[in-house]
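Shown below: entry38.txt, with compact mmCIF, C-alpha atoms and all ligand atoms.
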# COMPACT_ATOMS: atom_id res chain seq x y z
CA MET A 1 77.37 120.53 108.52
CA SER A 2 77.18 120.17 112.31
CA PRO A 3 79.46 122.51 114.24
CA ALA A 4 82.29 120.62 115.94
CA PRO A 5 84.20 121.57 119.10
CA ALA A 6 87.06 123.79 117.91
CA SER A 7 89.76 121.55 119.44
CA LEU A 8 88.71 118.71 117.15
CA THR A 9 89.19 120.60 113.91
CA ALA A 10 92.55 122.05 114.90
CA CYS A 11 94.96 121.77 111.99
CA PRO A 12 98.01 119.74 113.09
CA LEU A 13 101.42 121.20 112.39
CA TRP A 14 102.26 118.71 109.62
CA LEU A 15 99.11 119.73 107.74
CA GLN A 16 99.75 123.43 108.31
CA ARG A 17 103.17 122.98 106.72
CA ARG A 18 101.76 121.00 103.78
CA LEU A 19 99.06 123.58 103.15
CA LYS A 20 101.56 126.41 103.31
CA ALA A 21 103.90 124.63 100.89
CA ALA A 22 100.94 124.08 98.53
CA GLY A 23 100.11 127.80 98.48
CA GLY A 24 97.59 127.95 101.35
CA ALA A 25 94.66 125.94 99.98
CA VAL A 26 94.22 122.56 98.26
CA SER A 27 91.43 120.61 96.63
CA PHE A 28 89.45 118.31 98.91
CA ALA A 29 90.83 115.26 97.07
CA THR A 30 94.38 116.34 97.94
CA TYR A 31 93.41 116.84 101.59
CA MET A 32 91.67 113.42 101.65
CA GLU A 33 94.69 111.72 100.10
CA TRP A 34 96.97 113.30 102.73
CA VAL A 35 94.90 112.46 105.80
CA LEU A 36 94.16 108.91 104.65
CA GLN A 37 97.31 107.80 102.89
CA ASP A 38 100.26 109.79 104.18
CA PRO A 39 102.69 107.06 105.38
CA GLU A 40 103.55 108.99 108.55
CA HIS A 41 100.27 110.67 109.45
CA GLY A 42 97.48 109.12 107.37
CA TYR A 43 94.69 107.01 108.83
CA TYR A 44 95.45 104.09 106.48
CA GLY A 45 99.03 105.05 105.63
CA ARG A 46 100.40 104.76 109.15
CA GLY A 47 98.00 101.91 110.03
CA HIS A 48 95.78 103.76 112.50
CA VAL A 49 92.74 102.04 110.93
CA ALA A 50 91.01 99.37 113.03
CA PHE A 51 88.50 97.14 111.22
CA GLY A 52 85.74 95.12 112.84
CA ARG A 53 83.34 95.18 115.75
CA ARG A 54 85.99 96.48 118.14
CA GLY A 55 87.45 98.92 115.62
CA ASP A 56 86.16 101.99 113.83
CA PHE A 57 83.84 100.30 111.33
CA VAL A 58 82.78 96.89 110.19
CA THR A 59 83.53 95.63 106.68
CA ALA A 60 82.18 92.32 105.40
CA PRO A 61 85.59 90.54 105.63
CA SER A 62 86.04 91.81 109.20
CA LEU A 63 83.00 89.73 110.24
CA GLY A 64 84.90 86.50 109.59
CA SER A 65 85.22 84.05 106.73
CA THR A 66 81.54 84.06 105.72
CA LEU A 67 81.98 86.42 102.77
CA ALA A 68 84.88 84.34 101.38
CA THR A 69 82.95 81.10 101.82
CA LEU A 70 79.95 82.47 100.00
CA LEU A 71 81.97 84.14 97.25
CA LEU A 72 83.96 80.97 96.55
CA PRO A 73 81.55 79.36 94.01
CA GLN A 74 81.37 82.66 92.10
CA VAL A 75 85.16 83.11 92.03
CA LEU A 76 85.51 79.46 90.95
CA GLN A 77 82.99 79.90 88.14
CA CYS A 78 85.08 82.77 86.72
CA LEU A 79 88.48 81.09 87.28
CA ASP A 80 87.27 77.75 85.86
CA ALA A 81 86.25 79.50 82.65
CA LEU A 82 89.67 81.17 82.38
CA ALA A 83 91.53 77.97 83.31
CA ALA A 84 90.23 76.31 80.16
CA THR A 85 92.41 78.57 78.01
CA THR A 86 95.10 80.03 80.30
CA GLU A 87 97.80 78.34 82.38
CA ALA A 88 98.71 81.08 84.91
CA LEU A 89 95.79 82.43 86.94
CA SER A 90 95.66 85.24 89.50
CA LEU A 91 93.32 86.41 92.20
CA VAL A 92 94.01 90.11 92.67
CA GLU A 93 92.67 92.00 95.69
CA TRP A 94 93.02 95.77 95.48
CA GLY A 95 92.81 97.51 98.86
CA PRO A 96 92.82 94.35 101.00
CA GLY A 97 92.84 96.03 104.44
CA ASP A 98 93.70 93.36 107.00
CA GLY A 99 94.11 90.75 104.22
CA GLY A 100 91.49 88.42 105.75
CA LEU A 101 89.42 88.04 102.57
CA SER A 102 92.47 87.15 100.48
CA ARG A 103 93.70 84.69 103.07
CA ASP A 104 90.33 82.94 103.41
CA LEU A 105 89.80 82.77 99.65
CA ALA A 106 93.32 81.37 99.15
CA VAL A 107 92.66 78.59 101.67
CA LEU A 108 89.27 77.76 100.15
CA LEU A 109 90.53 77.88 96.54
CA ALA A 110 93.46 75.58 97.33
CA GLN A 111 91.03 73.10 98.94
CA ALA A 112 88.58 73.30 96.05
CA ARG A 113 91.21 73.02 93.28
CA PRO A 114 94.32 71.37 94.81
CA ARG A 115 95.97 71.13 91.39
CA TRP A 116 95.95 74.91 91.05
CA ARG A 117 98.50 75.39 93.84
CA GLN A 118 101.20 75.85 91.22
CA ARG A 119 99.21 77.86 88.71
CA LEU A 120 97.12 80.22 90.85
CA GLN A 121 98.78 83.16 92.59
CA LEU A 122 97.42 85.77 94.92
CA VAL A 123 98.29 89.41 94.18
CA LEU A 124 97.64 92.21 96.68
CA VAL A 125 97.66 95.90 95.72
CA GLU A 126 97.92 98.16 98.77
CA THR A 127 99.12 101.74 99.16
CA SER A 128 99.58 101.72 102.93
CA PRO A 129 103.02 100.53 104.15
CA ALA A 130 101.57 99.70 107.57
CA LEU A 131 98.73 97.63 106.10
CA ARG A 132 101.15 95.82 103.80
CA GLN A 133 102.91 94.62 106.97
CA ARG A 134 99.60 93.43 108.46
CA GLN A 135 98.86 91.58 105.22
CA ILE A 136 102.27 89.87 105.25
CA ARG A 137 101.49 88.53 108.75
CA GLN A 138 97.98 87.51 107.75
CA LEU A 139 99.05 85.60 104.64
CA GLN A 140 102.07 83.73 105.96
CA HIS A 141 100.25 80.42 106.48
CA GLN A 142 97.94 80.35 103.48
CA PRO A 143 98.79 77.78 100.79
CA LEU A 144 99.11 79.79 97.55
CA PRO A 145 102.11 81.68 96.16
CA TRP A 146 101.49 85.36 96.71
CA ARG A 147 103.02 88.83 96.32
CA HIS A 148 102.34 92.51 96.75
CA ALA A 149 102.35 94.39 93.46
CA HIS A 150 102.38 98.06 92.53
CA PRO A 151 99.89 99.05 89.79
CA ALA A 152 102.84 99.95 87.52
CA GLN A 153 104.24 96.41 87.90
CA LEU A 154 100.89 94.94 86.94
CA ALA A 155 100.59 97.29 83.98
CA ALA A 156 104.02 96.12 82.78
CA ALA A 157 103.05 92.45 83.17
CA PRO A 158 99.26 92.13 83.29
CA VAL A 159 97.70 88.98 84.71
CA THR A 160 94.67 86.83 83.89
CA GLY A 161 92.13 86.23 86.61
CA VAL A 162 89.69 87.85 88.99
CA LEU A 163 90.16 91.29 90.54
CA LEU A 164 88.23 92.04 93.74
CA ALA A 165 87.84 95.49 95.28
CA ASN A 166 85.82 95.44 98.50
CA GLU A 167 85.28 98.90 100.00
CA LEU A 168 88.23 100.28 98.09
CA LEU A 169 86.46 102.81 95.89
CA ASP A 170 84.75 104.57 98.80
CA ALA A 171 88.21 105.24 100.25
CA LEU A 172 89.62 106.86 97.11
CA PRO A 173 89.84 110.68 97.27
CA VAL A 174 86.85 112.69 96.07
CA GLU A 175 86.50 116.28 94.97
CA ARG A 176 83.74 118.46 96.47
CA PHE A 177 81.78 120.95 94.42
CA THR A 178 79.08 123.41 95.33
CA ARG A 179 76.63 125.82 93.82
CA GLY A 180 77.55 129.35 94.89
CA GLU A 181 75.79 132.66 94.24
CA ASP A 182 78.14 133.12 91.29
CA GLY A 183 77.83 129.61 89.81
CA TRP A 184 79.41 126.17 90.30
CA ARG A 185 82.76 125.96 92.08
CA TRP A 186 85.07 123.40 93.64
CA GLN A 187 85.21 123.46 97.43
CA TRP A 188 88.81 123.64 98.63
CA VAL A 189 90.39 123.30 102.05
CA HIS A 190 92.49 125.81 103.97
CA CYS A 191 93.64 126.54 107.49
CA ARG A 192 92.19 129.64 109.15
CA ARG A 193 93.37 130.72 112.59
CA GLY A 194 94.78 127.24 113.21
CA HIS A 195 91.61 125.41 112.12
CA LEU A 196 90.72 123.49 108.98
CA ASP A 197 87.84 124.89 106.99
CA TRP A 198 86.31 125.04 103.52
CA CYS A 199 87.22 127.83 101.13
CA PRO A 200 86.01 128.60 97.61
CA GLY A 201 88.02 126.83 94.90
CA PRO A 202 88.16 127.57 91.18
CA PRO A 203 85.00 127.47 89.03
CA LEU A 204 84.13 124.06 87.57
CA SER A 205 85.53 123.56 84.11
CA ALA A 206 83.04 122.77 81.32
CA GLU A 207 84.11 119.10 81.45
CA VAL A 208 82.30 118.48 84.74
CA PRO A 209 78.75 119.38 83.64
CA ALA A 210 79.42 117.42 80.42
CA LEU A 211 80.51 114.37 82.43
CA LEU A 212 77.44 114.56 84.66
CA GLU A 213 75.19 115.03 81.61
CA ALA A 214 76.48 111.66 80.41
CA VAL A 215 74.84 110.03 83.44
CA GLY A 216 71.65 112.11 83.21
CA ILE A 217 72.46 114.92 85.67
CA HIS A 218 71.98 118.49 84.44
CA LEU A 219 73.73 121.17 86.49
CA ALA A 220 72.36 124.06 84.41
CA GLY A 221 69.01 125.61 85.41
CA HIS A 222 67.58 125.95 88.89
CA VAL A 223 67.13 122.36 90.01
CA PHE A 224 70.01 122.65 92.49
CA PRO A 225 69.69 125.44 95.08
CA VAL A 226 72.56 127.73 96.08
CA GLY A 227 74.60 125.91 98.72
CA TRP A 228 73.89 122.42 97.31
CA THR A 229 77.12 120.44 97.53
CA SER A 230 78.26 117.01 96.44
CA GLU A 231 81.27 114.87 95.54
CA LEU A 232 82.91 113.79 92.32
CA ALA A 233 85.29 110.83 92.51
CA LEU A 234 87.62 111.67 89.63
CA SER A 235 90.20 109.29 91.16
CA GLN A 236 87.88 106.40 90.24
CA ARG A 237 88.35 107.25 86.59
CA SER A 238 92.10 106.67 86.74
CA TRP A 239 91.57 103.64 88.97
CA CYS A 240 89.36 102.01 86.29
CA GLY A 241 92.23 102.56 83.84
CA ALA A 242 94.80 101.09 86.26
CA ALA A 243 92.57 98.06 86.91
CA ALA A 244 92.17 97.51 83.15
CA ALA A 245 95.93 97.77 82.65
CA ALA A 246 96.48 95.20 85.41
CA LEU A 247 94.25 92.52 83.89
CA GLN A 248 94.93 91.13 80.45
CA GLN A 249 91.77 89.07 80.66
CA GLY A 250 89.34 88.48 83.49
CA TRP A 251 86.69 89.77 85.81
CA LEU A 252 86.37 92.87 87.94
CA TRP A 253 84.15 92.78 91.00
CA CYS A 254 83.61 96.11 92.81
CA LEU A 255 81.78 95.69 96.12
CA ASP A 256 80.90 98.98 97.72
CA TYR A 257 78.20 101.26 98.99
CA GLY A 258 76.77 103.37 96.27
CA HIS A 259 73.82 105.06 94.64
CA ASN A 260 72.89 105.51 91.03
CA ALA A 261 73.38 109.04 89.65
CA ARG A 262 69.75 110.07 90.18
CA ARG A 263 69.93 109.26 93.90
CA TYR A 264 73.53 110.38 94.34
CA TYR A 265 73.00 113.78 92.78
CA SER A 266 69.45 114.30 94.02
CA PRO A 267 68.55 117.94 94.82
CA ARG A 268 67.18 116.46 98.06
CA ARG A 269 70.69 115.33 99.08
CA PRO A 270 72.12 118.81 99.77
CA ASP A 271 75.43 117.81 101.35
CA GLY A 272 76.63 114.78 99.41
CA THR A 273 77.63 111.46 100.96
CA LEU A 274 80.96 112.35 102.57
CA MET A 275 81.37 110.90 106.08
CA ALA A 276 84.03 110.64 108.76
CA TYR A 277 84.09 107.44 110.84
CA ALA A 278 85.60 106.45 114.16
CA ARG A 279 84.44 103.95 116.74
CA HIS A 280 81.30 103.13 114.73
CA GLN A 281 80.17 106.75 114.78
CA ALA A 282 79.54 108.56 111.52
CA MET A 283 80.12 112.32 111.44
CA GLY A 284 79.53 114.81 108.67
CA ASN A 285 82.56 116.99 109.37
CA PRO A 286 85.65 115.77 107.44
CA PHE A 287 88.02 118.04 109.39
CA LEU A 288 87.65 116.25 112.73
CA ARG A 289 90.89 114.78 114.11
CA PRO A 290 92.63 114.60 110.71
CA GLY A 291 94.53 111.35 110.24
CA GLU A 292 92.68 109.63 113.09
CA MET A 293 89.35 109.08 111.36
CA ASP A 294 88.30 107.34 108.18
CA LEU A 295 86.88 109.52 105.42
CA THR A 296 84.58 107.93 102.91
CA ALA A 297 82.08 108.83 100.20
CA HIS A 298 79.57 106.60 98.39
CA VAL A 299 80.28 105.43 94.85
CA CYS A 300 78.14 106.85 92.05
CA THR A 301 77.45 103.56 90.29
CA ASP A 302 76.54 105.15 86.95
CA LEU A 303 79.76 107.16 86.84
CA LEU A 304 81.80 104.12 87.80
CA ARG A 305 80.22 102.16 84.97
CA HIS A 306 80.85 105.08 82.58
CA TRP A 307 84.54 105.24 83.53
CA ALA A 308 85.00 101.47 83.52
CA GLU A 309 83.55 101.18 80.03
CA GLU A 310 85.70 104.10 78.90
CA ALA A 311 88.73 102.12 80.21
CA GLY A 312 87.78 99.01 78.23
CA TRP A 313 85.72 96.99 80.71
CA THR A 314 82.51 95.32 79.55
CA TRP A 315 79.60 95.74 81.90
CA CYS A 316 78.00 92.52 83.13
CA GLY A 317 75.51 93.70 85.71
CA GLU A 318 74.80 94.91 89.21
CA VAL A 319 73.19 93.37 92.23
CA SER A 320 72.86 94.29 95.89
CA GLN A 321 75.18 92.44 98.26
CA GLY A 322 72.17 90.98 100.07
CA GLN A 323 70.64 89.57 96.87
CA GLY A 324 74.03 88.42 95.58
CA LEU A 325 74.77 86.52 98.78
CA LEU A 326 71.30 84.97 98.84
CA ALA A 327 71.90 83.79 95.27
CA LEU A 328 75.18 82.25 96.46
CA GLY A 329 73.50 80.21 99.20
CA LEU A 330 73.33 82.41 102.29
CA ALA A 331 69.78 81.28 103.11
CA ARG A 332 70.88 77.61 102.97
CA ARG A 333 73.74 78.38 105.37
CA LEU A 334 71.33 80.08 107.76
CA SER A 335 68.96 77.13 107.82
CA ARG A 336 71.86 74.67 108.29
CA LEU A 337 72.72 76.47 111.53
CA GLY A 338 69.51 75.00 112.98
CA GLU A 339 70.49 71.40 112.20
CA ALA A 340 71.15 69.07 115.15
CA ASP A 341 74.74 68.21 114.20
CA GLY A 342 75.79 71.86 113.71
CA PRO A 343 78.56 73.67 115.66
CA PRO A 344 78.24 74.63 119.37
CA LEU A 345 75.53 77.18 120.22
CA ALA A 346 77.86 80.17 120.74
CA GLN A 347 79.46 79.55 117.35
CA ARG A 348 76.06 79.19 115.68
CA LEU A 349 74.86 82.48 117.15
CA ALA A 350 78.01 84.30 116.01
CA GLN A 351 77.65 82.85 112.49
CA ARG A 352 73.97 83.75 112.42
CA GLU A 353 74.75 87.33 113.40
CA ALA A 354 77.42 87.62 110.68
CA LEU A 355 75.08 86.17 108.03
CA LEU A 356 72.23 88.49 108.96
CA ARG A 357 74.51 91.55 108.99
CA LEU A 358 75.75 90.72 105.51
CA VAL A 359 72.21 90.76 104.09
CA ASP A 360 70.72 93.58 106.17
CA PRO A 361 69.39 95.95 103.48
CA ALA A 362 69.96 98.95 105.79
CA GLY A 363 73.64 98.00 106.24
CA LEU A 364 76.10 95.76 104.41
CA GLY A 365 73.30 94.03 102.46
CA GLY A 366 72.57 97.32 100.69
CA PHE A 367 76.06 97.39 99.14
CA ARG A 368 76.25 97.29 95.36
CA TRP A 369 78.20 94.63 93.51
CA LEU A 370 79.24 95.92 90.10
CA VAL A 371 80.59 93.31 87.74
CA PHE A 372 82.69 93.82 84.61
CA HIS A 373 84.87 91.65 82.39
CA ARG A 374 87.60 91.99 79.79
CA GLY A 375 87.59 89.45 77.00
CA CYS A 376 85.69 86.68 78.80
CA PRO A 377 83.07 85.17 76.50
CA THR A 378 81.94 82.68 79.17
CA PRO A 379 80.18 82.56 81.50
CA ALA A 380 77.89 85.06 79.82
CA PRO A 381 76.79 87.84 82.19
CA GLY A 382 73.36 86.29 82.73
CA GLU A 383 75.00 82.96 83.62
CA LEU A 384 77.08 84.37 86.45
CA LEU A 385 75.81 82.75 89.65
CA VAL A 386 75.03 86.03 91.40
CA LEU A 387 73.34 87.65 88.42
CA LYS A 388 71.35 84.62 87.39
CA GLU A 389 67.65 85.08 87.83
CA PRO A 390 66.04 82.50 90.10
CA PRO A 391 63.49 80.47 88.16
CA GLY A 392 60.12 82.16 87.83
CA ARG A 393 61.38 85.54 89.02
CA GLY A 394 61.07 88.76 87.03
CA ASN A 395 64.09 91.00 86.57
CA GLY A 396 62.70 93.68 88.90
CA ASP A 397 65.40 95.22 91.04
CA TYR A 398 67.05 91.84 91.57
CA ALA A 399 69.74 92.62 89.04
CA ARG A 400 70.36 94.85 86.07
CA PHE A 401 71.77 92.92 83.16
CA ALA A 402 73.97 93.93 80.30
CA GLY A 403 72.19 94.15 76.93
C1 LIG A 501 87.93 100.69 103.67
S1 LIG A 501 89.41 99.78 103.55
C2 LIG A 501 88.77 98.22 103.01
C3 LIG A 501 89.65 97.09 103.38
C4 LIG A 501 89.16 95.69 102.99
N1 LIG A 501 88.96 95.55 101.57
C5 LIG A 501 87.91 95.33 103.74
O1 LIG A 501 86.83 95.33 103.15
O2 LIG A 501 88.02 95.05 104.95
C6 LIG A 501 90.22 100.45 102.13
C7 LIG A 501 91.51 99.74 101.77
O3 LIG A 501 91.99 100.24 100.51
C8 LIG A 501 93.34 100.67 100.66
N2 LIG A 501 93.58 101.71 99.66
C9 LIG A 501 93.11 102.97 99.63
N3 LIG A 501 93.50 103.60 98.50
C10 LIG A 501 94.20 102.69 97.79
C11 LIG A 501 94.85 102.72 96.51
N4 LIG A 501 94.85 103.80 95.77
N5 LIG A 501 95.48 101.60 96.10
C12 LIG A 501 95.48 100.47 96.85
N6 LIG A 501 94.88 100.40 98.07
C13 LIG A 501 94.26 101.49 98.52
C14 LIG A 501 93.41 101.10 102.09
O4 LIG A 501 94.72 101.26 102.55
C15 LIG A 501 92.65 99.95 102.73
O5 LIG A 501 93.42 98.77 102.77
Can I see the file as structure tokens?
Ligand SMILES: C[S@@+](CC[C@H](N)C(=O)[O-])C[C@H]1O[C@@H](n2cnc3c(N)ncnc32)[C@H](O)[C@@H]1O
Amino acid sequence: MSPAPASLTACPLWLQRRLKAAGGAVSFATYMEWVLQDPEHGYYGRGHVAFGRRGDFVTAPSLGSTLATLLLPQVLQCLDALAATTEALSLVEWGPGDGGLSRDLAVLLAQARPRWRQRLQLVLVETSPALRQRQIRQLQHQPLPWRHAHPAQLAAAPVTGVLLANELLDALPVERFTRGEDGWRWQWVHCRRGHLDWCPGPPLSAEVPALLEAVGIHLAGHVFPVGWTSELALSQRSWCGAAAAALQQGWLWCLDYGHNARRYYSPRRPDGTLMAYARHQAMGNPFLRPGEMDLTAHVCTDLLRHWAEEAGWTWCGEVSQGQGLLALGLARRLSRLGEADGPPLAQRLAQREALLRLVDPAGLGGFRWLVFHRGCPTPAPGELLVLKEPPGRGNGDYARFAG
């Protein structure tokens, strides 16, 4: 990890007090939860986060309505299938940030299916009080009935519909673990001489190697050198359960950056995927300006699938965001920008930039879309628009299909 100027890793008083009350040291997941979600001090919790080109980082919805427009036919395909048997439908967005994707989808869905205005509701699940306020402002003029819901409310009265989670899972707290001279241990966080730093945590329990074995990673032996460190997103396990409890029947779409287990836990990736972000700069040190920077770690796609299936989801398939969006007509939209009766030049250039960023394999286009369902016999996984193979094309790495 790169050394940072001492002033930047200074432990603020509120964190010093928390750490002291917790006995001096806490797991990294606890630290991450505090600095991201604390309603008074957390980066998301108090609404310090700024999305978009002028903010700290770009997400696909922060580039405008392009993602919603392209996703619409896929969301409609799923909702149409459910509408054949169910009266009340829901579009749930978990972790909606500014609320732009929900707003744009609500407008487009109401235009596409005007008769659904009474039967389709929008449900937003958001931990941050400050972001809930932003979402209320964002959604005030969209045409569908909508509400914020706590996961416990959804578990008590589950809905039928589509659940979207765009860049939510990478913001959930992760644990860090490392190979020490004396074996595998958690990495914990403490404050030393006024500065945040790592400290050795307890040894890993036997459950962790067993869990990683299930996705083909073997911690025993000498494959991983002393000092090799990575993350484990145990919070995603409970999230898969909460998402399953929220949906009686429907589809789960997780859109996030991720690697399969072999790449995620490669011996050649010695320091995991944890990153701190501010002003479009990525830094490896998670203790910089706590509460003022985003902290994020990639999703291990194999573990997510393992946990989702454990929670009762049926796996449909996986595709990269770039390929998924091309399957949903992004190339056609690009070529239409060249037509004579298109929008003014400045607008065309902005749209072109957004479209190209969404498919850039080195950026947003490299995101993974992981698709699951609960009790939806149609469309069959291979018939989903984004997972459908184009005619004459081999499976290759275009998509991985369920059995
Ligand atoms: C990286 S932002 C993504 C925002 C938005 N989906 C986008 O793509 O622009 C993560 C979002 O998830 C929210 N979040 C984080 N943990 C959450 C949780 N456990 N439950 C609900 N929302 C959560 C954050 O407050 C924030 O709105």
Could you list, as an mmCIF file with C-alpha atoms, keeping the file's coordinate frame, all residues that come within 9 Å of ligand LIG 501 (chain A)? Count all atoms listed in the file.
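To be explicit, this is the file written out as out_18.cif:
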data_model
loop_
_atom_site.group_PDB
_atom_site.id
_atom_site.type_symbol
_atom_site.label_atom_id
_atom_site.label_comp_id
_atom_site.auth_asym_id
_atom_site.auth_seq_id
_atom_site.Cartn_x
_atom_site.Cartn_y
_atom_site.Cartn_z
ATOM 1 C CA GLU A 33 94.690 111.720 100.100
ATOM 2 C CA LEU A 36 94.160 108.910 104.650
ATOM 3 C CA GLN A 37 97.310 107.800 102.890
ATOM 4 C CA TYR A 43 94.690 107.010 108.830
ATOM 5 C CA TYR A 44 95.450 104.090 106.480
ATOM 6 C CA GLY A 45 99.030 105.050 105.630
ATOM 7 C CA GLY A 47 98.000 101.910 110.030
ATOM 8 C CA VAL A 49 92.740 102.040 110.930
ATOM 9 C CA PHE A 51 88.500 97.140 111.220
ATOM 10 C CA GLY A 52 85.740 95.120 112.840
ATOM 11 C CA PHE A 57 83.840 100.300 111.330
ATOM 12 C CA VAL A 58 82.780 96.890 110.190
ATOM 13 C CA THR A 59 83.530 95.630 106.680
ATOM 14 C CA ALA A 60 82.180 92.320 105.400
ATOM 15 C CA PRO A 61 85.590 90.540 105.630
ATOM 16 C CA SER A 62 86.040 91.810 109.200
ATOM 17 C CA GLU A 93 92.670 92.000 95.690
ATOM 18 C CA TRP A 94 93.020 95.770 95.480
ATOM 19 C CA GLY A 95 92.810 97.510 98.860
ATOM 20 C CA PRO A 96 92.820 94.350 101.000
ATOM 21 C CA GLY A 97 92.840 96.030 104.440
ATOM 22 C CA ASP A 98 93.700 93.360 107.000
ATOM 23 C CA GLY A 99 94.110 90.750 104.220
ATOM 24 C CA GLY A 100 91.490 88.420 105.750
ATOM 25 C CA LEU A 101 89.420 88.040 102.570
ATOM 26 C CA LEU A 124 97.640 92.210 96.680
ATOM 27 C CA VAL A 125 97.660 95.900 95.720
ATOM 28 C CA GLU A 126 97.920 98.160 98.770
ATOM 29 C CA THR A 127 99.120 101.740 99.160
ATOM 30 C CA SER A 128 99.580 101.720 102.930
ATOM 31 C CA PRO A 129 103.020 100.530 104.150
ATOM 32 C CA ALA A 130 101.570 99.700 107.570
ATOM 33 C CA LEU A 131 98.730 97.630 106.100
ATOM 34 C CA ARG A 132 101.150 95.820 103.800
ATOM 35 C CA HIS A 150 102.380 98.060 92.530
ATOM 36 C CA PRO A 151 99.890 99.050 89.790
ATOM 37 C CA LEU A 164 88.230 92.040 93.740
ATOM 38 C CA ALA A 165 87.840 95.490 95.280
ATOM 39 C CA ASN A 166 85.820 95.440 98.500
ATOM 40 C CA GLU A 167 85.280 98.900 100.000
ATOM 41 C CA LEU A 168 88.230 100.280 98.090
ATOM 42 C CA LEU A 169 86.460 102.810 95.890
ATOM 43 C CA ASP A 170 84.750 104.570 98.800
ATOM 44 C CA ALA A 171 88.210 105.240 100.250
ATOM 45 C CA LEU A 172 89.620 106.860 97.110
ATOM 46 C CA PRO A 173 89.840 110.680 97.270
ATOM 47 C CA SER A 235 90.200 109.290 91.160
ATOM 48 C CA TRP A 239 91.570 103.640 88.970
ATOM 49 C CA LEU A 255 81.780 95.690 96.120
ATOM 50 C CA ASP A 256 80.900 98.980 97.720
ATOM 51 C CA ASP A 294 88.300 107.340 108.180
ATOM 52 C CA THR A 296 84.580 107.930 102.910
#
For the point (88.2, 128.8, 98.4) in file coordinates, what residues are within 8 Å, counting only C-alpha atoms? Give the answer as a PyMOL selection string? chain A and resi 25+186-190+198-202
Quick one: residues within 10 Å of Glu309 in chain A, only C-alpha atoms counted, chain neighbours fewer than 4 positions away excluded, as a ChimeraX atom specification? /A:240-241,244,303-305,313-315,372-373
Using only C-alpha atoms, which of A:Ala149, A:Ala220, A:Ala81, A:Leu326 sits nearest Val386 in chain A? A:Leu326
From A:Gln351, A:Ser266, A:Thr273, A:Thr86, residue lying nearest Arg119 in chain A [all atoms listed in the file]: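 Using all atoms listed in the file, the shortest distance to Arg119 in chain A belongs to A:Thr86.
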CA of Trp228 in chain A to CA of Thr178 in chain A, distance in Å rounded to a single decimal: 5.6 Å
As an exercise, work out the distance from CA of Ala156 in chain A to CA of Gln248 in chain A in Å and give it to one decimal place.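 Going from CA of Ala156 in chain A over to CA of Gln248 in chain A, I get 10.6 Å.
Using all atoms listed in the file, the smallest distance between any of A:Leu325, A:Ala88, A:Leu247, A:Cys316 and Asp360 in chain A comes from A:Leu325.
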Top pick for closest residue to Gly366 in chain A, considering A:Gly324, A:Gly24, A:Gly250, A:Gly382 and counting all atoms listed in the file: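 Looking only at the distances to Gly366 in chain A, the closest residue turns out to be A:Gly324.
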Shortest contact to Leu122 in chain A, candidates A:Val162, A:Leu274, A:Ala155, A:Leu330, atoms counted all atoms listed in the file, goes to A:Val162
Which of these residues is nearest to Leu76 in chain A, using all atoms listed in the file: A:Leu364, A:Gln249, A:Arg53, A:Gly161?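 Closest to Leu76 in chain A, using all atoms listed in the file: A:Gly161.
Of note, CA of Pro203 in chain A and CA of Arg262 in chain A are spaced 23.2 Å apart.
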Once you count all atoms listed in the file, which residues end up no further than 10 Å from (87.3, 79.5, 81.3) in the file's frame, shown as number ranges by chain? A: 76-86, 161, 250, 376-379
